[in-house]
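J.: Next comes structure.cif, mmCIF, C-alpha atoms:
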data_query
loop_
_atom_site.group_PDB
_atom_site.id
_atom_site.type_symbol
_atom_site.label_atom_id
_atom_site.label_comp_id
_atom_site.auth_asym_id
_atom_site.auth_seq_id
_atom_site.Cartn_x
_atom_site.Cartn_y
_atom_site.Cartn_z
ATOM 1 C CA MET A 1 0.000 0.000 0.000
ATOM 2 C CA LEU A 2 2.812 2.398 0.831
ATOM 3 C CA LYS A 3 4.418 1.667 -2.521
ATOM 4 C CA LYS A 4 1.661 3.426 -4.490
ATOM 5 C CA TYR A 5 2.165 6.610 -2.425
ATOM 6 C CA LEU A 6 5.976 6.512 -2.441
ATOM 7 C CA LYS A 7 6.441 8.304 -5.784
ATOM 8 C CA ILE A 8 4.037 11.078 -4.741
ATOM 9 C CA PHE A 9 5.792 11.581 -1.406
ATOM 10 C CA ILE A 10 9.224 11.658 -3.043
ATOM 11 C CA LEU A 11 8.096 14.171 -5.683
ATOM 12 C CA ALA A 12 6.487 16.371 -3.013
ATOM 13 C CA PHE A 13 9.648 16.219 -0.902
ATOM 14 C CA VAL A 14 11.839 17.153 -3.880
ATOM 15 C CA LEU A 15 9.559 20.085 -4.762
ATOM 16 C CA VAL A 16 9.632 21.344 -1.170
ATOM 17 C CA VAL A 17 13.433 21.093 -0.961
ATOM 18 C CA ILE A 18 13.923 22.882 -4.291
ATOM 19 C CA SER A 19 11.458 25.647 -3.446
ATOM 20 C CA GLU A 20 13.027 26.165 -0.002
ATOM 21 C CA LEU A 21 16.473 26.356 -1.611
ATOM 22 C CA ILE A 22 15.164 29.034 -3.992
ATOM 23 C CA GLY A 23 13.837 30.856 -0.948
ATOM 24 C CA GLU A 24 11.931 34.096 -0.707
ATOM 25 C CA LYS A 25 12.421 36.552 -3.571
ATOM 26 C CA LYS A 26 11.632 40.273 -3.166
ATOM 27 C CA ILE A 27 11.144 42.779 -5.962
ATOM 28 C CA LYS A 28 11.039 46.477 -5.046
ATOM 29 C CA LEU A 29 7.806 47.912 -6.377
ATOM 30 C CA GLY A 30 7.219 51.568 -5.588
ATOM 31 C CA PRO A 31 7.269 52.153 -1.835
ATOM 32 C CA GLY A 32 6.905 48.439 -1.032
ATOM 33 C CA TYR A 33 8.011 45.024 -2.155
ATOM 34 C CA LEU A 34 6.438 42.254 -4.188
ATOM 35 C CA VAL A 35 7.343 39.062 -2.308
ATOM 36 C CA PHE A 36 7.408 35.621 -3.906
ATOM 37 C CA LEU A 37 7.311 32.924 -1.232
ATOM 38 C CA PRO A 38 8.652 29.385 -1.698
ATOM 39 C CA MET A 39 5.087 28.029 -1.800
ATOM 40 C CA LEU A 40 4.551 29.842 -5.110
ATOM 41 C CA PHE A 41 7.619 28.161 -6.621
ATOM 42 C CA ALA A 42 6.448 24.747 -5.388
ATOM 43 C CA LEU A 43 3.014 25.383 -6.903
ATOM 44 C CA VAL A 44 4.474 26.324 -10.299
ATOM 45 C CA MET A 45 6.845 23.339 -10.310
ATOM 46 C CA GLY A 46 3.949 21.046 -9.337
ATOM 47 C CA LEU A 47 1.912 22.471 -12.197
ATOM 48 C CA ILE A 48 4.728 21.802 -14.631
ATOM 49 C CA ILE A 49 5.383 18.190 -13.571
ATOM 50 C CA SER A 50 1.672 17.382 -13.686
ATOM 51 C CA LEU A 51 1.364 18.266 -17.374
ATOM 52 C CA PRO A 52 0.207 15.180 -19.308
ATOM 53 C CA LYS A 53 2.833 15.758 -22.038
ATOM 54 C CA LEU A 54 5.706 15.255 -19.581
ATOM 55 C CA LYS A 55 4.281 11.968 -18.218
ATOM 56 C CA VAL A 56 5.924 12.420 -14.807
ATOM 57 C CA ILE A 57 2.691 11.665 -12.945
ATOM 58 C CA SER A 58 -0.117 9.438 -14.202
ATOM 59 C CA ASN A 59 -3.823 10.190 -13.779
ATOM 60 C CA GLY A 60 -4.070 7.513 -11.090
ATOM 61 C CA GLU A 61 -1.271 9.141 -9.120
ATOM 62 C CA MET A 62 -2.988 12.506 -9.479
ATOM 63 C CA SER A 63 -6.182 11.101 -7.968
ATOM 64 C CA LEU A 64 -4.136 9.615 -5.109
ATOM 65 C CA SER A 65 -2.579 13.044 -4.597
ATOM 66 C CA ASN A 66 -6.078 14.501 -4.385
ATOM 67 C CA GLU A 67 -6.925 12.113 -1.538
ATOM 68 C CA ILE A 68 -3.712 13.050 0.277
ATOM 69 C CA MET A 69 -4.507 16.772 -0.107
ATOM 70 C CA GLY A 70 -7.874 16.287 1.589
ATOM 71 C CA ILE A 71 -6.185 14.782 4.633
ATOM 72 C CA ALA A 72 -3.436 17.433 4.589
ATOM 73 C CA VAL A 73 -5.965 20.277 4.545
ATOM 74 C CA ILE A 74 -7.822 18.784 7.506
ATOM 75 C CA LEU A 75 -4.552 18.553 9.466
ATOM 76 C CA PHE A 76 -3.635 22.127 8.470
ATOM 77 C CA VAL A 77 -6.976 23.514 9.658
ATOM 78 C CA ALA A 78 -6.607 21.616 12.944
ATOM 79 C CA LYS A 79 -3.142 23.143 13.401
ATOM 80 C CA ILE A 80 -4.476 26.638 12.746
ATOM 81 C CA GLY A 81 -7.254 26.093 15.275
ATOM 82 C CA ALA A 82 -4.760 24.849 17.860
ATOM 83 C CA THR A 83 -2.489 27.870 17.404
ATOM 84 C CA MET A 84 -5.350 30.387 17.393
ATOM 85 C CA GLY A 85 -6.972 28.974 20.517
ATOM 86 C CA PRO A 86 -4.531 30.518 23.026
ATOM 87 C CA SER A 87 -4.749 33.921 21.300
ATOM 88 C CA ILE A 88 -8.556 34.110 21.421
ATOM 89 C CA VAL A 89 -8.324 36.624 24.292
ATOM 90 C CA SER A 90 -6.410 39.104 22.122
ATOM 91 C CA LEU A 91 -8.976 38.621 19.339
ATOM 92 C CA VAL A 92 -11.809 39.464 21.732
ATOM 93 C CA GLU A 93 -9.881 42.475 23.064
ATOM 94 C CA SER A 94 -9.546 43.912 19.561
ATOM 95 C CA GLY A 95 -13.303 44.523 19.708
ATOM 96 C CA TRP A 96 -15.381 46.165 17.067
ATOM 97 C CA ALA A 97 -12.442 47.164 14.860
ATOM 98 C CA LEU A 98 -11.811 43.549 13.929
ATOM 99 C CA CYS A 99 -15.535 42.911 13.416
ATOM 100 C CA PHE A 100 -15.847 45.834 11.001
ATOM 101 C CA GLN A 101 -12.675 44.790 9.190
ATOM 102 C CA GLU A 102 -14.023 41.290 8.629
ATOM 103 C CA LEU A 103 -17.389 42.717 7.572
ATOM 104 C CA GLY A 104 -15.508 44.797 4.983
ATOM 105 C CA HIS A 105 -13.682 41.714 3.767
ATOM 106 C CA PHE A 106 -16.980 39.871 3.409
ATOM 107 C CA LEU A 107 -18.765 42.721 1.633
ATOM 108 C CA GLY A 108 -15.820 43.456 -0.643
ATOM 109 C CA THR A 109 -15.123 39.872 -1.590
ATOM 110 C CA VAL A 110 -18.457 38.085 -1.601
ATOM 111 C CA VAL A 111 -20.944 40.839 -2.350
ATOM 112 C CA LEU A 112 -18.860 42.924 -4.755
ATOM 113 C CA GLY A 113 -15.965 40.835 -6.100
ATOM 114 C CA LEU A 114 -17.654 37.477 -6.633
ATOM 115 C CA PRO A 115 -20.491 38.734 -8.873
ATOM 116 C CA ILE A 116 -18.001 40.702 -10.957
ATOM 117 C CA ALA A 117 -15.726 37.663 -11.296
ATOM 118 C CA VAL A 118 -18.598 35.379 -12.278
#
Mind turning the file's structure into structure tokens?

T.:
Amino acid sequence: MLKKYLKIFILAFVLVVISELIGEKKIKLGPGYLVFLPMLFALVMGLIISLPKLKVISNGEMSLSNEIMGIAVILFVAKIGATMGPSIVSLVESGWALCFQELGHFLGTVVLGLPIAV
């Protein structure tokens, strides 16, 4: 059973190592910086190796990767919840400012941006 996941794990590990070696790249843009994080490089490399023309990953391996991603996302959300739990007091202390900020995010993204994008 582990054998069918081995190629996926090795490819993921190689992509992570390469993207971490590339590191964070900053481009000065006006008064600020445009920052490219290693995750972006891993995403682009993953896109390239998953192209059907290159035949690095088969369709079956892609569907296995999809199953692994579901589990990984669940673990990631659990980690975020565990790290946010102790800081809930500071979130409550921020008061109405945070509530209005999140309301603005909702209105801007869902009410305004989504209909325009669709």

J.: Find the spatial neighbours of stretch 2-13 of chain A, counting all atoms listed in the file, within a cut-off of 8 Å - ignore same-chain residues fewer than 2 positions away - and output them as a PyMOL selection string.

T.: chain A and resi 15-17+61+64-65

J.: Report the residues retrieved by the PyMOL selection byres ((chain A and resi 50) around 12) from the displayed file, expressed as a PyMOL selection string.

T.: chain A and resi 8+11-12+43-49+51-63+65

J.: As JSON, please report the centre and edge lengths, rounded to one decimal in Å, of the axis-aligned box that holds all listed atoms of stretch 4-22 of chain A with 6 Å of padding on each of the six sides.

T.:
{"center_x": 9.1, "center_y": 16.2, "center_z": -2.9, "size_x": 26.8, "size_y": 37.6, "size_z": 17.8}

J.: Find the distance between atom CA of A:Phe76 and atom CA of A:Leu37 and write it in Å to one decimal.

T.: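 Straight-line distance from atom CA of A:Phe76 to atom CA of A:Leu37 works out to 18.2 Å.
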
J.: Could you jot down the atom CA of A:Glu24 to atom CA of A:Leu75 separation for me, Å, one decimal place?

T.: 24.8 Å

J.: Report as a PDB file with C-alpha atoms, in the frame of the given file all protein, DNA and RNA residues lying within 7 Å of A:Val35, evaluated on all atoms listed in the file, omitting residues in the same chain fewer than 6 positions from it.

T.:
ATOM      1  CA  GLU A  24      11.931  34.096  -0.707  1.00  0.00           C
ATOM      2  CA  LYS A  25      12.421  36.552  -3.571  1.00  0.00           C
ATOM      3  CA  LYS A  26      11.632  40.273  -3.166  1.00  0.00           C
ATOM      4  CA  ILE A  27      11.144  42.779  -5.962  1.00  0.00           C
TER       5      ILE A  27
END

J.: In Å, with one decimal, what is the gap from atom CA of A:Gly23 to atom CA of A:Leu40?

T.: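 Here the two named atoms are 10.2 Å from each other.
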